[in-house]
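Structure data follow from run_2.pdb (PDB, C-alpha atoms):
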ATOM      1  CA  MET A   1      21.783 -13.630  10.603
ATOM      2  CA  ILE A   2      22.312 -10.675   8.325
ATOM      3  CA  LEU A   3      21.757 -11.123   4.622
ATOM      4  CA  TYR A   4      23.323  -8.761   2.107
ATOM      5  CA  THR A   5      21.870  -9.688  -1.258
ATOM      6  CA  PRO A   6      19.748  -8.267  -4.073
ATOM      7  CA  LEU A   7      17.612 -11.432  -4.006
ATOM      8  CA  SER A   8      14.151 -11.345  -2.505
ATOM      9  CA  TYR A   9      13.433 -13.014   0.824
ATOM     10  CA  GLU A  10      11.472 -15.792  -0.860
ATOM     11  CA  ASP A  11      14.373 -16.689  -3.154
ATOM     12  CA  ILE A  12      16.517 -17.523  -0.140
ATOM     13  CA  HIS A  13      13.946 -18.881   2.293
ATOM     14  CA  GLN A  14      11.531 -20.779   0.117
ATOM     15  CA  PRO A  15       8.172 -21.338   1.770
ATOM     16  CA  SER A  16       7.253 -24.941   2.451
ATOM     17  CA  THR A  17       4.803 -26.703   0.183
ATOM     18  CA  ASP A  18       2.342 -26.772   3.108
ATOM     19  CA  GLU A  19       1.994 -23.026   2.690
ATOM     20  CA  TYR A  20       0.742 -23.477  -0.857
ATOM     21  CA  GLN A  21      -1.518 -26.383   0.036
ATOM     22  CA  LYS A  22      -3.382 -24.339   2.636
ATOM     23  CA  TYR A  23      -5.065 -22.457  -0.196
ATOM     24  CA  GLN A  24      -7.623 -23.996  -2.476
ATOM     25  CA  LEU A  25      -9.758 -22.821  -5.338
ATOM     26  CA  ILE A  26     -13.338 -23.885  -4.799
ATOM     27  CA  SER A  27     -16.740 -23.015  -6.162
ATOM     28  CA  LEU A  28     -19.282 -21.521  -3.762
ATOM     29  CA  GLN A  29     -22.763 -20.636  -4.979
ATOM     30  CA  GLN A  30     -21.335 -21.044  -8.475
ATOM     31  CA  LYS A  31     -18.663 -18.408  -7.795
ATOM     32  CA  GLN A  32     -14.972 -19.168  -7.717
ATOM     33  CA  CYS A  33     -13.331 -18.491  -4.359
ATOM     34  CA  ILE A  34      -9.858 -18.942  -2.969
ATOM     35  CA  VAL A  35     -10.179 -20.378   0.524
ATOM     36  CA  GLU A  36      -7.689 -21.018   3.284
ATOM     37  CA  LYS A  37      -8.175 -24.214   5.276
ATOM     38  CA  VAL A  38      -8.663 -23.400   8.943
ATOM     39  CA  SER A  39      -9.283 -26.772  10.552
ATOM     40  CA  GLY A  40     -10.971 -29.997   9.558
ATOM     41  CA  ASP A  41     -13.650 -29.125   7.052
ATOM     42  CA  LYS A  42     -13.691 -25.422   7.927
ATOM     43  CA  ALA A  43     -12.200 -22.898   5.537
ATOM     44  CA  ARG A  44     -11.977 -19.128   5.417
ATOM     45  CA  ILE A  45     -12.646 -17.215   2.226
ATOM     46  CA  VAL A  46      -9.524 -15.321   1.161
ATOM     47  CA  GLN A  47     -10.547 -13.971  -2.203
ATOM     48  CA  LEU A  48     -13.656 -13.951  -4.310
ATOM     49  CA  LEU A  49     -12.898 -14.282  -8.002
ATOM     50  CA  SER A  50     -15.720 -12.536  -9.729
ATOM     51  CA  THR A  51     -16.148  -9.573 -12.005
ATOM     52  CA  ASN A  52     -19.754  -9.004 -10.958
ATOM     53  CA  PRO A  53     -19.752  -6.137  -8.428
ATOM     54  CA  ASN A  54     -22.980  -7.481  -6.882
ATOM     55  CA  ASP A  55     -21.207 -10.643  -5.727
ATOM     56  CA  PHE A  56     -19.109  -8.522  -3.413
ATOM     57  CA  LEU A  57     -22.244  -7.367  -1.604
ATOM     58  CA  ASN A  58     -23.128 -10.974  -0.797
ATOM     59  CA  GLN A  59     -22.309 -11.464   2.892
ATOM     60  CA  GLN A  60     -21.846 -15.208   2.537
ATOM     61  CA  LEU A  61     -19.063 -14.742   0.016
ATOM     62  CA  SER A  62     -17.257 -11.891   1.741
ATOM     63  CA  PRO A  63     -13.571 -12.507   2.495
ATOM     64  CA  GLY A  64     -12.990 -13.620   6.073
ATOM     65  CA  SER A  65     -16.209 -15.551   6.462
ATOM     66  CA  VAL A  66     -15.742 -19.155   7.537
ATOM     67  CA  ILE A  67     -17.466 -21.873   5.560
ATOM     68  CA  SER A  68     -17.444 -25.621   5.862
ATOM     69  CA  ILE A  69     -16.173 -27.737   3.005
ATOM     70  CA  SER A  70     -15.675 -31.432   2.525
ATOM     71  CA  ASP A  71     -13.362 -33.106   0.075
ATOM     72  CA  GLU A  72     -15.960 -34.899  -1.997
ATOM     73  CA  GLN A  73     -17.833 -31.660  -2.466
ATOM     74  CA  ASN A  74     -14.674 -29.993  -3.625
ATOM     75  CA  ASP A  75     -14.094 -32.600  -6.262
ATOM     76  CA  GLN A  76     -17.664 -32.231  -7.379
ATOM     77  CA  ASN A  77     -17.333 -28.474  -7.479
ATOM     78  CA  LEU A  78     -14.053 -28.454  -9.313
ATOM     79  CA  SER A  79     -15.224 -30.834 -11.989
ATOM     80  CA  GLY A  80     -18.799 -29.740 -12.436
ATOM     81  CA  GLU A  81     -19.173 -26.013 -12.356
ATOM     82  CA  TYR A  82     -17.086 -24.646 -15.149
ATOM     83  CA  SER A  83     -19.988 -24.601 -17.561
TER      84      SER A  83
ATOM     85  CA  MET B   1     -49.919 -27.852   8.407
ATOM     86  CA  ASP B   2     -49.044 -25.962  11.563
ATOM     87  CA  LYS B   3     -46.739 -28.710  12.679
ATOM     88  CA  HIS B   4     -44.959 -28.580   9.352
ATOM     89  CA  ARG B   5     -44.511 -24.836   9.670
ATOM     90  CA  ASN B   6     -43.060 -25.231  13.145
ATOM     91  CA  ASP B   7     -40.666 -27.839  11.867
ATOM     92  CA  THR B   8     -39.320 -25.591   9.164
ATOM     93  CA  LYS B   9     -39.005 -22.754  11.644
ATOM     94  CA  GLU B  10     -36.929 -24.922  13.900
ATOM     95  CA  LYS B  11     -34.696 -25.953  11.069
ATOM     96  CA  ASP B  12     -34.183 -22.349   9.987
ATOM     97  CA  SER B  13     -33.202 -21.199  13.455
ATOM     98  CA  GLN B  14     -30.471 -23.806  13.791
ATOM     99  CA  PRO B  15     -27.341 -23.136  11.785
ATOM    100  CA  SER B  16     -27.154 -26.875  11.098
ATOM    101  CA  SER B  17     -24.672 -28.517   8.807
ATOM    102  CA  LEU B  18     -27.556 -29.230   6.466
ATOM    103  CA  VAL B  19     -28.151 -25.521   5.976
ATOM    104  CA  GLU B  20     -24.446 -24.975   5.373
ATOM    105  CA  LYS B  21     -24.446 -27.753   2.799
ATOM    106  CA  ILE B  22     -27.397 -26.183   1.071
ATOM    107  CA  GLN B  23     -25.461 -22.920   0.941
ATOM    108  CA  GLN B  24     -22.431 -24.588  -0.579
ATOM    109  CA  LEU B  25     -24.448 -26.306  -3.232
ATOM    110  CA  GLY B  26     -25.889 -23.010  -4.284
ATOM    111  CA  GLN B  27     -29.406 -23.887  -3.243
ATOM    112  CA  SER B  28     -29.899 -21.202  -0.605
ATOM    113  CA  ASN B  29     -31.544 -17.915  -1.401
ATOM    114  CA  ILE B  30     -28.922 -15.503  -2.648
ATOM    115  CA  PRO B  31     -29.743 -11.773  -2.420
ATOM    116  CA  ASN B  32     -31.701 -10.945  -5.536
ATOM    117  CA  ASN B  33     -29.747  -8.028  -6.884
ATOM    118  CA  PRO B  34     -30.434  -7.193 -10.489
ATOM    119  CA  ASP B  35     -27.520  -8.322 -12.643
ATOM    120  CA  SER B  36     -25.065  -5.508 -13.189
ATOM    121  CA  ASN B  37     -24.470  -4.589 -16.815
ATOM    122  CA  ILE B  38     -21.011  -3.313 -15.878
ATOM    123  CA  HIS B  39     -18.418  -5.723 -14.592
ATOM    124  CA  VAL B  40     -15.240  -4.943 -12.676
ATOM    125  CA  LEU B  41     -11.817  -6.490 -13.137
ATOM    126  CA  SER B  42      -9.319  -5.692 -10.417
ATOM    127  CA  ILE B  43      -5.586  -5.914 -11.037
ATOM    128  CA  ILE B  44      -4.093  -6.081  -7.561
ATOM    129  CA  GLY B  45      -0.718  -6.796  -5.998
ATOM    130  CA  GLN B  46       1.762  -8.464  -8.270
ATOM    131  CA  VAL B  47       0.949  -9.721 -11.760
ATOM    132  CA  GLU B  48       1.907 -13.374 -11.501
ATOM    133  CA  GLY B  49       3.689 -15.137 -14.335
ATOM    134  CA  HIS B  50       4.503 -18.804 -14.851
ATOM    135  CA  VAL B  51       5.919 -19.252 -11.355
ATOM    136  CA  GLN B  52       3.511 -19.292  -8.451
ATOM    137  CA  LEU B  53       4.460 -16.675  -5.889
ATOM    138  CA  PRO B  54       4.517 -17.524  -2.173
ATOM    139  CA  PRO B  55       1.036 -17.342  -0.620
ATOM    140  CA  GLN B  56       1.763 -14.217   1.424
ATOM    141  CA  ASN B  57       2.064 -12.188  -1.798
ATOM    142  CA  LYS B  58      -1.074 -10.635  -3.164
ATOM    143  CA  THR B  59      -1.228 -11.613  -6.780
ATOM    144  CA  THR B  60      -3.263 -11.272  -9.922
ATOM    145  CA  LYS B  61      -3.214 -14.568 -11.758
ATOM    146  CA  TYR B  62      -3.711 -14.580 -15.517
ATOM    147  CA  GLU B  63      -5.340 -18.012 -15.397
ATOM    148  CA  HIS B  64      -8.091 -16.464 -13.273
ATOM    149  CA  LEU B  65      -8.536 -13.275 -15.264
ATOM    150  CA  ILE B  66      -8.368 -14.539 -18.850
ATOM    151  CA  PRO B  67     -11.465 -16.798 -18.525
ATOM    152  CA  GLN B  68     -13.280 -13.911 -16.844
ATOM    153  CA  ILE B  69     -12.449 -11.612 -19.771
ATOM    154  CA  VAL B  70     -13.695 -14.280 -22.195
ATOM    155  CA  ALA B  71     -16.906 -14.589 -20.130
ATOM    156  CA  ILE B  72     -17.370 -10.808 -20.268
ATOM    157  CA  GLU B  73     -17.009 -10.870 -24.051
ATOM    158  CA  GLN B  74     -19.442 -13.763 -24.370
ATOM    159  CA  ASN B  75     -22.166 -12.709 -21.925
ATOM    160  CA  PRO B  76     -24.717 -10.504 -23.723
ATOM    161  CA  LYS B  77     -25.934  -9.091 -20.397
ATOM    162  CA  ILE B  78     -22.559  -7.466 -19.736
ATOM    163  CA  GLU B  79     -22.249  -4.185 -21.579
ATOM    164  CA  GLY B  80     -19.075  -2.668 -20.208
ATOM    165  CA  LEU B  81     -15.940  -3.332 -18.180
ATOM    166  CA  VAL B  82     -14.130  -1.232 -15.584
ATOM    167  CA  VAL B  83     -10.528  -2.195 -14.871
ATOM    168  CA  ILE B  84      -9.323  -1.092 -11.441
ATOM    169  CA  LEU B  85      -5.566  -1.084 -10.981
ATOM    170  CA  ASN B  86      -3.479  -1.018  -7.857
ATOM    171  CA  THR B  87      -0.460  -3.043  -8.836
ATOM    172  CA  VAL B  88       3.288  -3.057  -8.396
ATOM    173  CA  GLY B  89       3.781  -4.695 -11.775
ATOM    174  CA  GLY B  90       5.088  -8.181 -12.370
ATOM    175  CA  ASP B  91       5.514 -10.656 -15.181
ATOM    176  CA  VAL B  92       5.875  -8.967 -18.577
ATOM    177  CA  GLU B  93       4.211 -11.653 -20.662
ATOM    178  CA  ALA B  94       1.310 -12.217 -18.266
ATOM    179  CA  GLY B  95       0.793  -8.431 -18.140
ATOM    180  CA  LEU B  96       0.915  -8.114 -21.915
ATOM    181  CA  ALA B  97      -1.480 -11.070 -22.268
ATOM    182  CA  LEU B  98      -4.011  -9.324 -20.022
ATOM    183  CA  SER B  99      -3.490  -6.018 -21.842
ATOM    184  CA  GLU B 100      -4.072  -7.597 -25.240
ATOM    185  CA  MET B 101      -7.171  -9.391 -23.970
ATOM    186  CA  ILE B 102      -8.652  -6.156 -22.620
ATOM    187  CA  ALA B 103      -7.681  -4.193 -25.740
ATOM    188  CA  SER B 104      -9.353  -6.753 -28.020
ATOM    189  CA  LEU B 105     -12.692  -6.753 -26.150
ATOM    190  CA  SER B 106     -15.546  -5.596 -28.348
ATOM    191  CA  LYS B 107     -17.340  -4.025 -25.366
ATOM    192  CA  PRO B 108     -16.514  -0.564 -23.996
ATOM    193  CA  THR B 109     -13.756  -0.541 -21.371
ATOM    194  CA  VAL B 110     -12.504   2.095 -18.945
ATOM    195  CA  SER B 111      -9.605   1.832 -16.497
ATOM    196  CA  VAL B 112      -8.940   3.589 -13.203
ATOM    197  CA  VAL B 113      -5.465   3.694 -11.670
ATOM    198  CA  LEU B 114      -5.697   4.004  -7.895
ATOM    199  CA  GLY B 115      -2.652   4.034  -5.650
ATOM    200  CA  GLY B 116      -0.220   2.626  -8.163
ATOM    201  CA  GLY B 117      -0.119   1.212 -11.641
ATOM    202  CA  HIS B 118       3.578   0.507 -11.924
ATOM    203  CA  SER B 119       5.745  -1.228 -14.523
ATOM    204  CA  ILE B 120       3.570  -3.740 -16.395
ATOM    205  CA  GLY B 121       0.535  -1.987 -14.881
ATOM    206  CA  VAL B 122       1.161   0.789 -17.442
ATOM    207  CA  PRO B 123       0.213  -1.302 -20.529
ATOM    208  CA  ILE B 124      -2.783  -2.738 -18.647
ATOM    209  CA  ALA B 125      -3.959   0.787 -17.745
ATOM    210  CA  VAL B 126      -3.685   2.074 -21.324
ATOM    211  CA  SER B 127      -5.245  -1.037 -22.896
ATOM    212  CA  THR B 128      -8.789   0.221 -22.266
ATOM    213  CA  ASP B 129     -10.760   2.617 -24.476
ATOM    214  CA  TYR B 130     -10.404   5.401 -21.915
ATOM    215  CA  SER B 131      -8.237   5.675 -18.814
ATOM    216  CA  PHE B 132      -8.445   7.553 -15.542
ATOM    217  CA  ILE B 133      -5.864   8.128 -12.845
ATOM    218  CA  ALA B 134      -6.526   9.282  -9.287
ATOM    219  CA  PRO B 135      -4.703  12.530  -8.455
ATOM    220  CA  SER B 136      -2.592  10.740  -5.837
ATOM    221  CA  ALA B 137      -1.907   7.620  -7.912
ATOM    222  CA  THR B 138       1.488   6.985  -9.467
ATOM    223  CA  MET B 139       2.928   4.970 -12.304
ATOM    224  CA  THR B 140       6.583   3.966 -12.358
ATOM    225  CA  ILE B 141       8.018   3.677 -15.839
ATOM    226  CA  HIS B 142      11.330   1.835 -15.915
ATOM    227  CA  PRO B 143      13.279  -0.594 -18.111
ATOM    228  CA  ILE B 144      12.529  -4.307 -18.014
ATOM    229  CA  ARG B 145      14.641  -6.513 -15.800
ATOM    230  CA  LEU B 146      15.104 -10.232 -15.373
ATOM    231  CA  THR B 147      15.344 -12.282 -12.221
ATOM    232  CA  GLY B 148      16.744 -15.762 -11.929
ATOM    233  CA  LEU B 149      19.394 -17.323 -14.130
ATOM    234  CA  VAL B 150      20.713 -14.931 -16.752
ATOM    235  CA  ILE B 151      23.316 -16.008 -19.286
ATOM    236  CA  GLY B 152      25.876 -13.252 -19.766
ATOM    237  CA  VAL B 153      25.950 -13.096 -23.557
ATOM    238  CA  PRO B 154      25.017 -10.251 -25.935
ATOM    239  CA  GLN B 155      21.988 -12.258 -27.058
ATOM    240  CA  THR B 156      20.491 -11.853 -23.580
ATOM    241  CA  PHE B 157      20.609  -8.101 -24.004
ATOM    242  CA  GLU B 158      18.941  -8.367 -27.400
ATOM    243  CA  TYR B 159      16.236 -10.567 -25.907
ATOM    244  CA  ILE B 160      15.490  -8.050 -23.151
ATOM    245  CA  ASP B 161      15.618  -5.216 -25.664
ATOM    246  CA  LYS B 162      13.046  -6.944 -27.861
ATOM    247  CA  MET B 163      10.796  -7.579 -24.877
ATOM    248  CA  GLN B 164      11.063  -3.913 -23.946
ATOM    249  CA  GLU B 165      10.190  -2.961 -27.510
ATOM    250  CA  ARG B 166       6.930  -4.958 -27.199
ATOM    251  CA  VAL B 167       5.957  -3.022 -24.081
ATOM    252  CA  LEU B 168       6.882   0.337 -25.648
ATOM    253  CA  ASN B 169       4.944  -0.466 -28.823
ATOM    254  CA  PHE B 170       1.850  -1.509 -26.911
ATOM    255  CA  VAL B 171       1.852   1.609 -24.734
ATOM    256  CA  THR B 172       2.421   4.022 -27.640
ATOM    257  CA  GLU B 173      -0.245   2.325 -29.747
ATOM    258  CA  HIS B 174      -2.881   2.444 -27.012
ATOM    259  CA  SER B 175      -2.205   5.892 -25.541
ATOM    260  CA  ASN B 176      -1.401   9.399 -26.730
ATOM    261  CA  ILE B 177       2.196   9.415 -25.503
ATOM    262  CA  GLU B 178       4.986   9.834 -28.059
ATOM    263  CA  GLU B 179       7.514   7.010 -28.215
ATOM    264  CA  GLU B 180      10.382   9.446 -27.689
ATOM    265  CA  LYS B 181       8.766  10.841 -24.547
ATOM    266  CA  LEU B 182       8.065   7.366 -23.168
ATOM    267  CA  LYS B 183      11.666   6.281 -23.766
ATOM    268  CA  GLU B 184      12.892   9.485 -22.159
ATOM    269  CA  LEU B 185      10.809   8.759 -19.032
ATOM    270  CA  MET B 186      11.929   5.144 -19.016
ATOM    271  CA  PHE B 187      15.650   5.868 -19.139
ATOM    272  CA  GLU B 188      15.649   9.000 -16.964
ATOM    273  CA  LYS B 189      18.339   9.222 -14.281
ATOM    274  CA  GLY B 190      17.985  10.854 -10.881
ATOM    275  CA  ASN B 191      14.233  10.546 -10.460
ATOM    276  CA  LEU B 192      14.297   7.189  -8.748
ATOM    277  CA  THR B 193      17.038   7.210  -6.143
ATOM    278  CA  ARG B 194      18.686   3.904  -6.997
ATOM    279  CA  ASP B 195      17.144   3.105 -10.324
ATOM    280  CA  ILE B 196      16.600   4.273 -13.878
ATOM    281  CA  GLY B 197      13.116   5.505 -14.740
ATOM    282  CA  THR B 198      10.458   7.981 -13.678
ATOM    283  CA  ASN B 199       7.681   7.929 -11.154
ATOM    284  CA  VAL B 200       4.793   9.679 -12.884
ATOM    285  CA  VAL B 201       2.121  11.100 -10.541
ATOM    286  CA  GLY B 202      -1.584  11.559 -11.454
ATOM    287  CA  GLU B 203      -1.677  14.824 -13.349
ATOM    288  CA  ASP B 204       1.745  14.301 -14.987
ATOM    289  CA  ALA B 205       0.535  11.002 -16.483
ATOM    290  CA  VAL B 206      -2.250  12.959 -18.187
ATOM    291  CA  LYS B 207       0.155  15.716 -19.247
ATOM    292  CA  TYR B 208       2.452  13.182 -20.968
ATOM    293  CA  GLY B 209      -0.530  11.651 -22.763
ATOM    294  CA  LEU B 210      -0.194   8.301 -21.042
ATOM    295  CA  ILE B 211      -3.595   8.500 -19.337
ATOM    296  CA  ASN B 212      -6.679  10.331 -20.623
ATOM    297  CA  GLU B 213      -8.000  12.049 -17.523
ATOM    298  CA  VAL B 214      -7.499  12.654 -13.800
ATOM    299  CA  GLY B 215     -10.490  11.259 -11.924
ATOM    300  CA  GLY B 216     -12.030   8.454  -9.974
ATOM    301  CA  ILE B 217     -14.805   5.923 -10.122
ATOM    302  CA  SER B 218     -17.628   8.416 -10.779
ATOM    303  CA  GLY B 219     -15.841   9.769 -13.838
ATOM    304  CA  ALA B 220     -15.102   6.256 -15.041
ATOM    305  CA  MET B 221     -18.723   5.136 -14.663
ATOM    306  CA  ALA B 222     -20.029   8.240 -16.413
ATOM    307  CA  ARG B 223     -17.608   7.702 -19.305
ATOM    308  CA  LEU B 224     -18.427   3.998 -19.554
ATOM    309  CA  ASN B 225     -22.173   4.642 -19.592
ATOM    310  CA  LYS B 226     -21.618   7.162 -22.369
ATOM    311  CA  PHE B 227     -19.654   4.574 -24.380
ATOM    312  CA  ILE B 228     -22.383   1.972 -23.796
ATOM    313  CA  GLU B 229     -25.034   4.381 -25.080
ATOM    314  CA  GLN B 230     -22.902   5.158 -28.111
ATOM    315  CA  SER B 231     -22.355   1.479 -28.904
ATOM    316  CA  LYS B 232     -26.102   0.827 -28.553
ATOM    317  CA  GLY B 233     -26.742   3.709 -30.937
ATOM    318  CA  THR B 234     -24.486   2.244 -33.617
ATOM    319  CA  GLU B 235     -26.049  -1.209 -33.171
ATOM    320  CA  ASP B 236     -29.490   0.255 -33.831
ATOM    321  CA  PHE B 237     -28.114   2.007 -36.875
ATOM    322  CA  VAL B 238     -26.758  -1.256 -38.294
ATOM    323  CA  GLN B 239     -30.091  -2.979 -37.826
TER     324      GLN B 239
END
Have the structure of the file written as structure tokens, please.
Amino acid sequence: MILYTPLSYEDIHQPSTDEYQKYQLISLQQKQCIVEKVSGDKARIVQLLSTNPNDFLNQQLSPGSVISISDEQNDQNLSGEYS
Amino acid sequence: MDKHRNDTKEKDSQPSSLVEKIQQLGQSNIPNNPDSNIHVLSIIGQVEGHVQLPPQNKTTKYEHLIPQIVAIEQNPKIEGLVVILNTVGGDVEAGLALSEMIASLSKPTVSVVLGGGHSIGVPIAVSTDYSFIAPSATMTIHPIRLTGLVIGVPQTFEYIDKMQERVLNFVTEHSNIEEEKLKELMFEKGNLTRDIGTNVVGEDAVKYGLINEVGGISGAMARLNKFIEQSKGTEDFVQ
């Protein structure tokens, strides 16, 4: 199939909602992280949302590292750690 | 006593789920770096607006950055902010929101454009107290455009024109560039092969007055530390 259009690829082939649901915002060691679910309760850190440059030296929070999460902990994290 | 010690040793050596849980709950020992008095805000990929972009796009989300900027303003331990840009641009209003937030910070701010600070990256780059651009970095200045449903009436043009005026005003107010020069760069023909606008490279951005200085992170840190010292000096004076 050849497309001839000024529209972007995503405008024509919209990604499935599963693609969005793979990513989650969680709190790890009181830092906000975007994680990608790998399998079961395992997730890989995609992005660390912090402005503190020292957080990026923390090996446990470095993008690519696999962590284990469980749903109840997520809920706890999402509700509790915005203080 | 010895038995207890052995037990803990055993537990430490096993990467058990308990240890992982402790890590998640923030109870493990985190490296004890002294808190940095300078924080870094990175503007990467595309500046995302009200529509969530597909996950394969790298995006900067305003809902992530705005609370961080508020936290920087509120936290007395943070004395300065470095904004690192490598962005293709994106949503005008999200970009202007970030720019206004950075510009209204009471703490000293310095920006560094690395790689690219295109389109809406330009107001974000000039929103800081002082701006740097890497010699190889570029900034594309071009007119605003809309995607999605556009109603073909004259009012649409006026709407876009007004939006463009907001960007032009912000950039001229927060940098040394003249409005005429900025408009000239924005509506230039022949510089971008299939588009209207100009691709301004490192030194040219400084020449036009858009950016303060050609440099990198060392220059930015030196400048920020100078600003922090100055602001401390005035605080002492007030007291």
Shell of 12 Å around Leu224 in chain B, only C-alpha atoms, local chain residues under 4 positions omitted, as an MDAnalysis selection string | chainID B and resid 37:40 79:83 107:112 128:132 217:220 228:231
Go ahead and save the residues from that selection, with C-alpha atoms, as a short mmCIF file (atom, residue, chain, number, x, y, z; two decimals), in the frame of the given file.
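Final output, again04.cif:
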data_model
loop_
_atom_site.label_atom_id
_atom_site.label_comp_id
_atom_site.auth_asym_id
_atom_site.auth_seq_id
_atom_site.Cartn_x
_atom_site.Cartn_y
_atom_site.Cartn_z
CA ASN B 37 -24.47 -4.59 -16.82
CA ILE B 38 -21.01 -3.31 -15.88
CA HIS B 39 -18.42 -5.72 -14.59
CA VAL B 40 -15.24 -4.94 -12.68
CA GLU B 79 -22.25 -4.18 -21.58
CA GLY B 80 -19.08 -2.67 -20.21
CA LEU B 81 -15.94 -3.33 -18.18
CA VAL B 82 -14.13 -1.23 -15.58
CA VAL B 83 -10.53 -2.19 -14.87
CA LYS B 107 -17.34 -4.03 -25.37
CA PRO B 108 -16.51 -0.56 -24.00
CA THR B 109 -13.76 -0.54 -21.37
CA VAL B 110 -12.50 2.10 -18.94
CA SER B 111 -9.60 1.83 -16.50
CA VAL B 112 -8.94 3.59 -13.20
CA THR B 128 -8.79 0.22 -22.27
CA ASP B 129 -10.76 2.62 -24.48
CA TYR B 130 -10.40 5.40 -21.92
CA SER B 131 -8.24 5.68 -18.81
CA PHE B 132 -8.44 7.55 -15.54
CA ILE B 217 -14.80 5.92 -10.12
CA SER B 218 -17.63 8.42 -10.78
CA GLY B 219 -15.84 9.77 -13.84
CA ALA B 220 -15.10 6.26 -15.04
CA ILE B 228 -22.38 1.97 -23.80
CA GLU B 229 -25.03 4.38 -25.08
CA GLN B 230 -22.90 5.16 -28.11
CA SER B 231 -22.36 1.48 -28.90
#
If the PyMOL selection byres ((chain A) within 10 of (chain B)) is run on the structure shown, which residues does it catch, given as a ChimeraX atom specification?
-> /A:7-8,10-11,14-17,19-23,27-32,49-55,57-60,67-70,73-74,76-77
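In this model, the gap between CA of Met186 in chain B and CA of Met101 in chain B comes to 24.5 Å.
Nearest residue to Leu114 in chain B, choosing from B:Gly95, B:Gly233, B:Pro154, B:Pro135 and counting all atoms listed in the file: B:Pro135.
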Using the chain letters and numbering of this document, enumerate as a PyMOL selection string the residues selected by the PyMOL selection byres ((chain A and resi 42) around 10).
-> chain A and resi 35-41+43-44+66-70
In Å and to one decimal, CA of Gly89 in chain B is distant from CA of Gly117 in chain B by 7.1 Å
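Note that CA of Glu178 in chain B and CA of Val126 in chain B are 13.4 Å apart.
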Contacts of range 204-211 of chain B within 6 Å, only C-alpha atoms, excl. fewer than 3 positions in-chain, as a count of residues only = 6
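This file, queried with the PyMOL selection byres ((chain B and resi 120) around 7), gives the residues Gly89, Gly90, Val92, Gly95, His118, Ser119, Gly121, Val122, Pro123 and Ile124 of chain B.
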Long-range neighbours of Ile196 in chain B as an MDAnalysis selection string, 12 Å cut-off, all atoms listed in the file, 3 positions minimum in chain | chainID B and resid 140:145 183:193 199
When you write range 154-193 of chain B out from the block above, keep C-alpha atoms and present the result as a PDB file, in the first residue's frame, please.
ATOM      1  CA  PRO B 154     -11.414  34.233   7.398  1.00  0.00           C
ATOM      2  CA  GLN B 155     -11.874  33.980  11.165  1.00  0.00           C
ATOM      3  CA  THR B 156      -9.613  30.915  11.187  1.00  0.00           C
ATOM      4  CA  PHE B 157      -6.835  32.997   9.698  1.00  0.00           C
ATOM      5  CA  GLU B 158      -7.369  35.696  12.310  1.00  0.00           C
ATOM      6  CA  TYR B 159      -7.252  33.076  15.051  1.00  0.00           C
ATOM      7  CA  ILE B 160      -3.936  31.688  13.800  1.00  0.00           C
ATOM      8  CA  ASP B 161      -2.606  35.206  13.335  1.00  0.00           C
ATOM      9  CA  LYS B 162      -3.440  36.081  16.936  1.00  0.00           C
ATOM     10  CA  MET B 163      -1.798  32.899  18.181  1.00  0.00           C
ATOM     11  CA  GLN B 164       1.300  33.760  16.172  1.00  0.00           C
ATOM     12  CA  GLU B 165       1.278  37.246  17.662  1.00  0.00           C
ATOM     13  CA  ARG B 166       1.431  35.702  21.169  1.00  0.00           C
ATOM     14  CA  VAL B 167       4.523  33.706  20.234  1.00  0.00           C
ATOM     15  CA  LEU B 168       6.194  36.713  18.574  1.00  0.00           C
ATOM     16  CA  ASN B 169       5.443  38.943  21.565  1.00  0.00           C
ATOM     17  CA  PHE B 170       6.818  36.430  24.038  1.00  0.00           C
ATOM     18  CA  VAL B 171      10.039  35.912  22.085  1.00  0.00           C
ATOM     19  CA  THR B 172      10.679  39.637  21.537  1.00  0.00           C
ATOM     20  CA  GLU B 173       9.948  40.435  25.177  1.00  0.00           C
ATOM     21  CA  HIS B 174      12.297  37.771  26.527  1.00  0.00           C
ATOM     22  CA  SER B 175      15.203  38.101  24.085  1.00  0.00           C
ATOM     23  CA  ASN B 176      17.181  40.828  22.349  1.00  0.00           C
ATOM     24  CA  ILE B 177      15.810  40.154  18.870  1.00  0.00           C
ATOM     25  CA  GLU B 178      13.871  42.920  17.114  1.00  0.00           C
ATOM     26  CA  GLU B 179      10.305  42.069  16.139  1.00  0.00           C
ATOM     27  CA  GLU B 180      10.984  43.026  12.525  1.00  0.00           C
ATOM     28  CA  LYS B 181      13.976  40.692  12.354  1.00  0.00           C
ATOM     29  CA  LEU B 182      12.036  37.824  13.928  1.00  0.00           C
ATOM     30  CA  LYS B 183       9.163  38.269  11.467  1.00  0.00           C
ATOM     31  CA  GLU B 184      11.645  38.432   8.609  1.00  0.00           C
ATOM     32  CA  LEU B 185      13.180  35.101   9.702  1.00  0.00           C
ATOM     33  CA  MET B 186       9.750  33.581  10.202  1.00  0.00           C
ATOM     34  CA  PHE B 187       8.419  34.436   6.755  1.00  0.00           C
ATOM     35  CA  GLU B 188      11.652  33.925   4.799  1.00  0.00           C
ATOM     36  CA  LYS B 189      11.396  31.953   1.554  1.00  0.00           C
ATOM     37  CA  GLY B 190      14.032  29.640   0.122  1.00  0.00           C
ATOM     38  CA  ASN B 191      15.812  28.706   3.332  1.00  0.00           C
ATOM     39  CA  LEU B 192      13.696  25.682   4.098  1.00  0.00           C
ATOM     40  CA  THR B 193      13.228  23.695   0.915  1.00  0.00           C
TER      41      THR B 193
END
